[in-house]
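K.L.:
You'll find work_6.cif just under this line, and it carries mmCIF, N, CA and C atoms.
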```cif
data_my_file
#
loop_
_atom_site.label_atom_id
_atom_site.label_comp_id
_atom_site.auth_asym_id
_atom_site.auth_seq_id
_atom_site.Cartn_x
_atom_site.Cartn_y
_atom_site.Cartn_z
N MET A 1 -227.18 -137.96 7.15
CA MET A 1 -226.89 -138.57 5.85
C MET A 1 -228.04 -138.27 4.89
N GLU A 2 -227.66 -137.94 3.66
CA GLU A 2 -228.68 -137.60 2.67
C GLU A 2 -229.34 -138.87 2.17
N SER A 3 -230.66 -138.88 2.12
CA SER A 3 -231.36 -140.06 1.66
C SER A 3 -231.85 -139.90 0.23
N GLU A 4 -232.00 -138.66 -0.24
CA GLU A 4 -232.48 -138.43 -1.61
C GLU A 4 -231.31 -138.05 -2.49
N GLY A 5 -231.55 -138.11 -3.78
CA GLY A 5 -230.52 -137.70 -4.73
C GLY A 5 -229.76 -138.90 -5.26
N LEU A 6 -228.53 -138.66 -5.61
CA LEU A 6 -227.70 -139.63 -6.29
C LEU A 6 -226.44 -139.89 -5.47
N LYS A 7 -226.05 -141.13 -5.35
CA LYS A 7 -224.84 -141.49 -4.62
C LYS A 7 -223.86 -142.09 -5.61
N LEU A 8 -222.68 -141.46 -5.75
CA LEU A 8 -221.63 -141.98 -6.63
C LEU A 8 -220.49 -142.50 -5.77
N ASN A 9 -220.01 -143.70 -6.11
CA ASN A 9 -218.89 -144.29 -5.39
C ASN A 9 -217.59 -143.87 -6.05
N CYS A 10 -216.62 -143.56 -5.21
CA CYS A 10 -215.32 -143.10 -5.68
C CYS A 10 -214.22 -144.02 -5.15
N SER A 11 -213.15 -144.15 -5.92
CA SER A 11 -211.98 -144.90 -5.48
C SER A 11 -210.74 -144.24 -6.05
N GLY A 12 -209.59 -144.66 -5.58
CA GLY A 12 -208.34 -144.08 -6.03
C GLY A 12 -207.65 -143.36 -4.88
N SER A 13 -207.21 -142.12 -5.12
CA SER A 13 -206.55 -141.34 -4.07
C SER A 13 -207.47 -141.09 -2.89
N TRP A 14 -208.73 -141.05 -3.16
CA TRP A 14 -209.74 -140.92 -2.11
C TRP A 14 -210.84 -141.93 -2.39
N THR A 15 -211.25 -142.63 -1.36
CA THR A 15 -212.30 -143.64 -1.50
C THR A 15 -213.48 -143.24 -0.62
N GLY A 16 -214.67 -143.30 -1.19
CA GLY A 16 -215.87 -142.97 -0.44
C GLY A 16 -217.04 -142.77 -1.38
N SER A 17 -218.10 -142.20 -0.83
CA SER A 17 -219.30 -141.92 -1.63
C SER A 17 -219.59 -140.43 -1.61
N ILE A 18 -220.07 -139.94 -2.73
CA ILE A 18 -220.46 -138.54 -2.86
C ILE A 18 -221.95 -138.50 -3.17
N HIS A 19 -222.66 -137.64 -2.46
CA HIS A 19 -224.10 -137.48 -2.69
C HIS A 19 -224.32 -136.21 -3.50
N LEU A 20 -225.04 -136.36 -4.62
CA LEU A 20 -225.37 -135.25 -5.49
C LEU A 20 -226.89 -135.18 -5.66
N GLU A 21 -227.36 -134.05 -6.15
CA GLU A 21 -228.79 -133.89 -6.41
C GLU A 21 -229.26 -134.81 -7.53
N SER A 22 -228.51 -134.76 -8.66
CA SER A 22 -228.89 -135.58 -9.81
C SER A 22 -227.73 -135.62 -10.79
N LEU A 23 -227.92 -136.32 -11.89
CA LEU A 23 -226.91 -136.36 -12.94
C LEU A 23 -226.85 -135.04 -13.72
N ASN A 24 -227.75 -134.10 -13.39
CA ASN A 24 -227.71 -132.78 -14.02
C ASN A 24 -226.74 -131.84 -13.30
N ASP A 25 -226.13 -132.29 -12.18
CA ASP A 25 -225.09 -131.51 -11.53
C ASP A 25 -223.88 -131.46 -12.46
N THR A 26 -223.10 -130.41 -12.34
CA THR A 26 -221.94 -130.25 -13.23
C THR A 26 -220.73 -131.01 -12.69
N VAL A 27 -219.76 -131.16 -13.57
CA VAL A 27 -218.49 -131.78 -13.18
C VAL A 27 -217.81 -130.93 -12.11
N ASP A 28 -217.98 -129.62 -12.20
CA ASP A 28 -217.40 -128.72 -11.20
C ASP A 28 -217.97 -129.01 -9.81
N THR A 29 -219.25 -129.27 -9.73
CA THR A 29 -219.89 -129.61 -8.45
C THR A 29 -219.28 -130.89 -7.89
N LEU A 30 -219.10 -131.89 -8.75
CA LEU A 30 -218.50 -133.15 -8.33
C LEU A 30 -217.08 -132.92 -7.83
N HIS A 31 -216.30 -132.12 -8.59
CA HIS A 31 -214.93 -131.78 -8.17
C HIS A 31 -214.95 -131.15 -6.78
N SER A 32 -215.82 -130.18 -6.60
CA SER A 32 -215.89 -129.45 -5.32
C SER A 32 -216.23 -130.38 -4.16
N LYS A 33 -217.21 -131.25 -4.37
CA LYS A 33 -217.63 -132.16 -3.29
C LYS A 33 -216.54 -133.17 -2.96
N ILE A 34 -215.85 -133.65 -3.96
CA ILE A 34 -214.76 -134.61 -3.72
C ILE A 34 -213.60 -133.91 -3.01
N ARG A 35 -213.25 -132.70 -3.47
CA ARG A 35 -212.17 -131.96 -2.79
C ARG A 35 -212.51 -131.72 -1.34
N ALA A 36 -213.77 -131.33 -1.07
CA ALA A 36 -214.19 -131.06 0.31
C ALA A 36 -214.14 -132.34 1.16
N ALA A 37 -214.62 -133.44 0.60
CA ALA A 37 -214.64 -134.70 1.35
C ALA A 37 -213.24 -135.24 1.59
N ALA A 38 -212.34 -135.05 0.62
CA ALA A 38 -210.99 -135.59 0.72
C ALA A 38 -210.03 -134.62 1.39
N GLY A 39 -210.45 -133.37 1.57
CA GLY A 39 -209.57 -132.38 2.19
C GLY A 39 -208.45 -131.93 1.27
N ILE A 40 -208.74 -131.87 -0.03
CA ILE A 40 -207.75 -131.47 -1.03
C ILE A 40 -207.97 -130.01 -1.38
N ALA A 41 -206.92 -129.21 -1.31
CA ALA A 41 -207.02 -127.78 -1.61
C ALA A 41 -207.26 -127.58 -3.10
N GLN A 42 -207.96 -126.50 -3.43
CA GLN A 42 -208.23 -126.17 -4.82
C GLN A 42 -206.96 -125.67 -5.47
N ASP A 43 -206.71 -126.11 -6.70
CA ASP A 43 -205.49 -125.76 -7.42
C ASP A 43 -205.82 -125.27 -8.82
N GLY A 44 -206.71 -124.33 -8.95
CA GLY A 44 -207.07 -123.82 -10.26
C GLY A 44 -208.10 -124.71 -10.92
N GLY A 45 -208.32 -124.56 -12.24
CA GLY A 45 -209.35 -125.28 -12.96
C GLY A 45 -209.32 -126.77 -12.73
N GLY A 46 -210.31 -127.28 -12.09
CA GLY A 46 -210.37 -128.70 -11.78
C GLY A 46 -209.84 -129.00 -10.41
N GLY A 47 -209.07 -128.13 -9.89
CA GLY A 47 -208.60 -128.05 -8.54
C GLY A 47 -208.03 -129.24 -7.82
N GLY A 48 -206.80 -129.61 -8.10
CA GLY A 48 -206.09 -130.57 -7.29
C GLY A 48 -206.48 -132.02 -7.50
N VAL A 49 -207.53 -132.30 -8.21
CA VAL A 49 -207.92 -133.68 -8.47
C VAL A 49 -208.20 -133.87 -9.96
N LYS A 50 -207.98 -135.10 -10.39
CA LYS A 50 -208.34 -135.49 -11.74
C LYS A 50 -209.37 -136.59 -11.58
N LEU A 51 -210.49 -136.46 -12.28
CA LEU A 51 -211.57 -137.45 -12.17
C LEU A 51 -211.72 -138.20 -13.49
N ILE A 52 -211.88 -139.50 -13.36
CA ILE A 52 -212.08 -140.35 -14.53
C ILE A 52 -213.33 -141.19 -14.27
N ALA A 53 -214.22 -141.20 -15.24
CA ALA A 53 -215.46 -141.98 -15.13
C ALA A 53 -215.68 -142.71 -16.45
N GLY A 54 -215.83 -144.02 -16.37
CA GLY A 54 -216.07 -144.80 -17.59
C GLY A 54 -214.97 -144.65 -18.62
N GLY A 55 -213.72 -144.49 -18.18
CA GLY A 55 -212.60 -144.34 -19.09
C GLY A 55 -212.44 -142.95 -19.67
N ARG A 56 -213.27 -142.00 -19.25
CA ARG A 56 -213.20 -140.63 -19.77
C ARG A 56 -212.74 -139.68 -18.68
N ASN A 57 -211.84 -138.78 -19.05
CA ASN A 57 -211.43 -137.73 -18.12
C ASN A 57 -212.55 -136.71 -18.00
N LEU A 58 -212.90 -136.35 -16.79
CA LEU A 58 -213.93 -135.33 -16.56
C LEU A 58 -213.23 -133.99 -16.40
N THR A 59 -212.91 -133.36 -17.55
CA THR A 59 -212.13 -132.13 -17.53
C THR A 59 -212.97 -130.88 -17.80
N ASP A 60 -214.06 -131.03 -18.55
CA ASP A 60 -214.91 -129.87 -18.85
C ASP A 60 -215.84 -129.62 -17.66
N LEU A 61 -215.49 -128.63 -16.86
CA LEU A 61 -216.20 -128.37 -15.61
C LEU A 61 -217.63 -127.87 -15.81
N THR A 62 -217.96 -127.42 -17.02
CA THR A 62 -219.28 -126.87 -17.27
C THR A 62 -220.30 -127.93 -17.70
N LYS A 63 -219.83 -129.09 -18.12
CA LYS A 63 -220.73 -130.15 -18.57
C LYS A 63 -221.42 -130.80 -17.38
N THR A 64 -222.62 -131.31 -17.64
CA THR A 64 -223.31 -132.07 -16.60
C THR A 64 -222.74 -133.49 -16.59
N LEU A 65 -222.97 -134.18 -15.50
CA LEU A 65 -222.49 -135.56 -15.41
C LEU A 65 -223.15 -136.45 -16.46
N ALA A 66 -224.43 -136.19 -16.73
CA ALA A 66 -225.14 -136.96 -17.76
C ALA A 66 -224.50 -136.76 -19.13
N GLU A 67 -224.10 -135.52 -19.44
CA GLU A 67 -223.45 -135.24 -20.72
C GLU A 67 -222.11 -135.96 -20.84
N CYS A 68 -221.48 -136.23 -19.71
CA CYS A 68 -220.20 -136.94 -19.70
C CYS A 68 -220.37 -138.45 -19.70
N GLY A 69 -221.59 -138.92 -19.70
CA GLY A 69 -221.85 -140.36 -19.72
C GLY A 69 -221.84 -141.02 -18.36
N VAL A 70 -221.90 -140.23 -17.30
CA VAL A 70 -221.92 -140.78 -15.95
C VAL A 70 -223.32 -141.28 -15.64
N LYS A 71 -223.39 -142.47 -15.05
CA LYS A 71 -224.66 -143.05 -14.62
C LYS A 71 -224.58 -143.28 -13.12
N SER A 72 -225.69 -143.64 -12.52
CA SER A 72 -225.71 -143.85 -11.07
C SER A 72 -224.81 -145.01 -10.65
N SER A 73 -224.53 -145.93 -11.57
CA SER A 73 -223.68 -147.08 -11.25
C SER A 73 -222.20 -146.84 -11.58
N THR A 74 -221.88 -145.68 -12.13
CA THR A 74 -220.51 -145.38 -12.54
C THR A 74 -219.63 -145.15 -11.32
N ARG A 75 -218.46 -145.79 -11.32
CA ARG A 75 -217.47 -145.56 -10.26
C ARG A 75 -216.53 -144.45 -10.75
N ILE A 76 -216.29 -143.49 -9.89
CA ILE A 76 -215.43 -142.36 -10.22
C ILE A 76 -214.03 -142.64 -9.68
N LEU A 77 -213.03 -142.58 -10.57
CA LEU A 77 -211.64 -142.74 -10.16
C LEU A 77 -211.10 -141.36 -9.82
N VAL A 78 -210.60 -141.20 -8.60
CA VAL A 78 -210.09 -139.92 -8.11
C VAL A 78 -208.57 -140.00 -8.05
N LEU A 79 -207.91 -139.11 -8.77
CA LEU A 79 -206.45 -139.01 -8.74
C LEU A 79 -206.07 -137.63 -8.24
N GLN A 80 -205.19 -137.57 -7.26
CA GLN A 80 -204.77 -136.28 -6.74
C GLN A 80 -203.59 -135.79 -7.56
N LYS A 81 -203.68 -134.56 -8.04
CA LYS A 81 -202.62 -133.97 -8.83
C LYS A 81 -201.49 -133.53 -7.92
N ALA A 82 -200.27 -133.58 -8.45
CA ALA A 82 -199.12 -133.10 -7.70
C ALA A 82 -199.14 -131.57 -7.67
N THR A 83 -198.76 -131.01 -6.53
CA THR A 83 -198.67 -129.56 -6.43
C THR A 83 -197.42 -129.10 -7.17
N ALA A 84 -197.29 -127.81 -7.39
CA ALA A 84 -196.12 -127.27 -8.08
C ALA A 84 -194.84 -127.61 -7.31
N ALA A 85 -194.90 -127.55 -5.99
CA ALA A 85 -193.72 -127.86 -5.17
C ALA A 85 -193.35 -129.35 -5.31
N GLU A 86 -194.36 -130.22 -5.33
CA GLU A 86 -194.10 -131.65 -5.50
C GLU A 86 -193.51 -131.94 -6.88
N LYS A 87 -194.00 -131.24 -7.90
CA LYS A 87 -193.44 -131.41 -9.24
C LYS A 87 -191.98 -130.98 -9.27
N ARG A 88 -191.66 -129.85 -8.62
CA ARG A 88 -190.27 -129.38 -8.56
C ARG A 88 -189.40 -130.40 -7.84
N ASP A 89 -189.91 -130.94 -6.73
CA ASP A 89 -189.16 -131.94 -5.97
C ASP A 89 -188.91 -133.19 -6.80
N LEU A 90 -189.93 -133.64 -7.55
CA LEU A 90 -189.77 -134.82 -8.40
C LEU A 90 -188.75 -134.58 -9.50
N THR A 91 -188.81 -133.39 -10.09
CA THR A 91 -187.85 -133.04 -11.14
C THR A 91 -186.44 -132.97 -10.58
N ALA A 92 -186.29 -132.36 -9.41
CA ALA A 92 -184.97 -132.26 -8.78
C ALA A 92 -184.44 -133.64 -8.43
N ALA A 93 -185.29 -134.51 -7.92
CA ALA A 93 -184.87 -135.87 -7.57
C ALA A 93 -184.45 -136.64 -8.82
N SER A 94 -185.21 -136.47 -9.88
CA SER A 94 -184.88 -137.13 -11.15
C SER A 94 -183.54 -136.64 -11.69
N ASP A 95 -183.33 -135.32 -11.63
CA ASP A 95 -182.06 -134.75 -12.08
C ASP A 95 -180.90 -135.27 -11.24
N ARG A 96 -181.13 -135.34 -9.93
CA ARG A 96 -180.09 -135.82 -9.01
C ARG A 96 -179.75 -137.28 -9.32
N GLN A 97 -180.76 -138.10 -9.58
CA GLN A 97 -180.52 -139.50 -9.91
C GLN A 97 -179.73 -139.63 -11.22
N GLU A 98 -180.05 -138.79 -12.18
CA GLU A 98 -179.34 -138.82 -13.46
C GLU A 98 -177.88 -138.42 -13.28
N ARG A 99 -177.61 -137.39 -12.45
CA ARG A 99 -176.22 -136.98 -12.19
C ARG A 99 -175.46 -138.09 -11.48
N ILE A 100 -176.08 -138.76 -10.52
CA ILE A 100 -175.43 -139.86 -9.81
C ILE A 100 -175.12 -141.00 -10.77
N LYS A 101 -176.04 -141.28 -11.68
CA LYS A 101 -175.83 -142.34 -12.66
C LYS A 101 -174.63 -142.02 -13.56
N ARG A 102 -174.56 -140.77 -14.03
CA ARG A 102 -173.42 -140.37 -14.87
C ARG A 102 -172.11 -140.42 -14.09
N LEU A 103 -172.13 -140.00 -12.83
CA LEU A 103 -170.94 -140.01 -11.99
C LEU A 103 -170.46 -141.44 -11.75
N ARG A 104 -171.39 -142.35 -11.45
CA ARG A 104 -171.02 -143.75 -11.25
C ARG A 104 -170.40 -144.34 -12.50
N SER A 105 -170.98 -144.00 -13.65
CA SER A 105 -170.44 -144.50 -14.91
C SER A 105 -169.01 -144.00 -15.11
N ALA A 106 -168.78 -142.72 -14.85
CA ALA A 106 -167.44 -142.15 -15.01
C ALA A 106 -166.45 -142.79 -14.04
N VAL A 107 -166.87 -143.00 -12.80
CA VAL A 107 -165.99 -143.61 -11.81
C VAL A 107 -165.67 -145.05 -12.19
N ASP A 108 -166.67 -145.79 -12.66
CA ASP A 108 -166.43 -147.17 -13.09
C ASP A 108 -165.42 -147.21 -14.22
N LYS A 109 -165.57 -146.30 -15.18
CA LYS A 109 -164.62 -146.25 -16.30
C LYS A 109 -163.23 -145.90 -15.81
N MET A 110 -163.16 -144.93 -14.90
CA MET A 110 -161.87 -144.52 -14.37
C MET A 110 -161.22 -145.65 -13.58
N ALA A 111 -161.99 -146.32 -12.76
CA ALA A 111 -161.46 -147.42 -11.95
C ALA A 111 -161.02 -148.58 -12.84
N GLY A 112 -161.80 -148.87 -13.87
CA GLY A 112 -161.45 -149.93 -14.80
C GLY A 112 -160.19 -149.61 -15.58
N ARG A 113 -160.04 -148.35 -15.97
CA ARG A 113 -158.86 -147.92 -16.72
C ARG A 113 -157.62 -148.06 -15.84
N SER A 114 -157.73 -147.69 -14.57
CA SER A 114 -156.59 -147.78 -13.67
C SER A 114 -156.18 -149.22 -13.44
N ALA A 115 -157.16 -150.09 -13.33
CA ALA A 115 -156.86 -151.50 -13.07
C ALA A 115 -156.30 -152.19 -14.31
N SER A 116 -156.70 -151.76 -15.50
CA SER A 116 -156.27 -152.44 -16.72
C SER A 116 -154.95 -151.90 -17.27
N HIS A 117 -154.55 -150.73 -16.90
CA HIS A 117 -153.29 -150.14 -17.36
C HIS A 117 -152.35 -149.99 -16.18
N LYS A 118 -151.23 -150.74 -16.23
CA LYS A 118 -150.33 -150.74 -15.08
C LYS A 118 -149.71 -149.37 -14.83
N GLN A 119 -149.49 -148.57 -15.88
CA GLN A 119 -148.88 -147.27 -15.67
C GLN A 119 -149.82 -146.32 -14.91
N ARG A 120 -151.11 -146.63 -14.88
CA ARG A 120 -152.07 -145.79 -14.16
C ARG A 120 -152.57 -146.47 -12.90
N ALA A 121 -151.98 -147.56 -12.52
CA ALA A 121 -152.44 -148.30 -11.35
C ALA A 121 -152.24 -147.47 -10.09
N LEU A 122 -153.14 -147.64 -9.18
CA LEU A 122 -153.09 -146.92 -7.92
C LEU A 122 -152.15 -147.66 -6.98
N THR A 123 -151.20 -146.95 -6.43
CA THR A 123 -150.29 -147.55 -5.45
C THR A 123 -150.32 -146.72 -4.19
N LEU A 124 -150.32 -147.41 -3.08
CA LEU A 124 -150.27 -146.76 -1.78
C LEU A 124 -149.06 -147.26 -1.03
N GLU A 125 -148.47 -146.39 -0.24
CA GLU A 125 -147.32 -146.77 0.56
C GLU A 125 -147.64 -146.57 2.02
N ASN A 126 -147.08 -147.44 2.85
CA ASN A 126 -147.25 -147.26 4.28
C ASN A 126 -146.23 -146.24 4.78
N GLN A 127 -146.14 -146.03 6.08
CA GLN A 127 -145.26 -145.00 6.62
C GLN A 127 -143.78 -145.33 6.43
N ASP A 128 -143.48 -146.61 6.24
CA ASP A 128 -142.09 -147.01 6.00
C ASP A 128 -141.68 -146.77 4.56
N GLY A 129 -142.64 -146.52 3.68
CA GLY A 129 -142.33 -146.29 2.27
C GLY A 129 -142.47 -147.53 1.42
N SER A 130 -142.85 -148.64 2.01
CA SER A 130 -143.02 -149.84 1.20
C SER A 130 -144.45 -149.88 0.65
N ALA A 131 -144.56 -150.39 -0.57
CA ALA A 131 -145.85 -150.40 -1.27
C ALA A 131 -146.81 -151.41 -0.64
N LEU A 132 -148.06 -151.01 -0.57
CA LEU A 132 -149.12 -151.89 -0.10
C LEU A 132 -149.65 -152.68 -1.29
N LYS A 133 -149.86 -153.97 -1.08
CA LYS A 133 -150.39 -154.80 -2.17
C LYS A 133 -151.92 -154.77 -2.10
N MET A 134 -152.53 -154.46 -3.25
CA MET A 134 -154.00 -154.42 -3.34
C MET A 134 -154.43 -155.17 -4.58
N SER A 135 -155.53 -155.89 -4.46
CA SER A 135 -156.08 -156.57 -5.62
C SER A 135 -156.70 -155.52 -6.55
N SER A 136 -156.96 -155.90 -7.79
CA SER A 136 -157.57 -154.96 -8.74
C SER A 136 -158.97 -154.58 -8.28
N GLU A 137 -159.67 -155.50 -7.61
CA GLU A 137 -161.00 -155.19 -7.09
C GLU A 137 -160.91 -154.13 -5.99
N ASP A 138 -159.90 -154.27 -5.09
CA ASP A 138 -159.72 -153.28 -4.04
C ASP A 138 -159.36 -151.92 -4.63
N GLN A 139 -158.54 -151.92 -5.68
CA GLN A 139 -158.19 -150.66 -6.35
C GLN A 139 -159.44 -150.01 -6.95
N SER A 140 -160.27 -150.83 -7.57
CA SER A 140 -161.50 -150.31 -8.17
C SER A 140 -162.40 -149.71 -7.11
N LEU A 141 -162.56 -150.41 -5.99
CA LEU A 141 -163.41 -149.91 -4.91
C LEU A 141 -162.84 -148.62 -4.31
N LEU A 142 -161.53 -148.57 -4.17
CA LEU A 142 -160.89 -147.37 -3.65
C LEU A 142 -161.08 -146.19 -4.59
N MET A 143 -160.98 -146.44 -5.89
CA MET A 143 -161.18 -145.35 -6.89
C MET A 143 -162.62 -144.85 -6.84
N MET A 144 -163.57 -145.76 -6.65
CA MET A 144 -164.97 -145.33 -6.58
C MET A 144 -165.20 -144.52 -5.31
N GLY A 145 -164.45 -144.80 -4.26
CA GLY A 145 -164.57 -144.04 -3.03
C GLY A 145 -163.97 -142.66 -3.14
N ILE A 146 -163.01 -142.51 -4.01
CA ILE A 146 -162.35 -141.21 -4.21
C ILE A 146 -163.26 -140.36 -5.03
#
```
When written as structure tokens, how does the structure in this file appear?
P.N.:
Amino acid sequence: MESEGLKLNCSGSWTGSIHLESLNDTVDTLHSKIRAAAGIAQDGGGGGVKLIAGGRNLTDLTKTLAECGVKSSTRILVLQKATAAEKRDLTAASDRQERIKRLRSAVDKMAGRSASHKQRALTLENQDGSALKMSSEDQSLLMMGI
């Protein structure tokens, strides 16, 4: 364990302490050390993590921590960025939910229309040819199942 230098506490997607030489280390150095400690793969500029210190995003990788207003008592909030595949999955899931919502709305309208207009009411017959009696709620549920 390093006894000299600076120890910054982190919380969020990864919780722990990072040891740096001084506040003159760059934001890029902090990013690298946090990625290494958390086991997060690099993902381009800033690499897979978003760091927030004192309410400020640490996005300029060339600035020193002191220039960003970081002090030895500052807690670093670590947020893991979604990968491109995770973003695609989230978008696909959102699209799927929206399609299901539209479909449910259409089915509800269709089922309600059938129940409210007798000429469009759903009728079922058994094998003898006699009509089965169904409540409007059962008709609505059957239409949603179709």
K.L.:
What does the distance from atom N of Glu21 (chain A) to atom N of Leu6 (chain A) come to in Å, to one decimal?
P.N.:
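Atom-to-atom, atom N of Glu21 (chain A) to atom N of Leu6 (chain A), that is 4.8 Å.
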K.L.:
Written as number ranges by chain, which residues does the PyMOL selection byres (((chain A and resi 76-93 and name CA) around 8) and name CA) give for the file shown?
P.N.:
A: 8-15, 43, 48-54, 74-75, 94-97
K.L.:
May I ask for the distance between CA of Lys63 (chain A) and CA of Gly16 (chain A), given in Å to one decimal place?
P.N.:
22.7 Å
K.L.:
Kindly compute an axis-aligned box around the listed atoms of region 9-20 of chain A, allowing 3 Å on each side, and express its centre and edge lengths in Å to one decimal as JSON.
P.N.:
```
{"center_x": -216.7, "center_y": -140.0, "center_z": -3.3, "size_x": 26.3, "size_y": 15.7, "size_z": 11.7}
```
K.L.:
Output the residue selection produced by the PyMOL selection byres ((chain A and resi 24-35) around 5) on the file above, formatted as number ranges by chain.
P.N.:
A: 22-23, 36-40, 61, 63-65
K.L.:
Please, which residues of chain A, numbered as in this document, come out alpha helix (DSSP H) from DSSP, as an MDAnalysis selection string?
P.N.:
chainID A and resid 27:38 84:116 136:145
K.L.:
Within chain A, find each residue whose DSSP state, derived from the backbone, is strand (DSSP E), and express the selection as a PyMOL selection string.
P.N.:
chain A and resi 6-12+16-20+49-53+56-57+75-80+124-125+131-132
K.L.:
What does the distance between atom C of Thr62 (chain A) and CA of Ser17 (chain A) come to in Å, to one decimal place?
P.N.:
21.3 Å
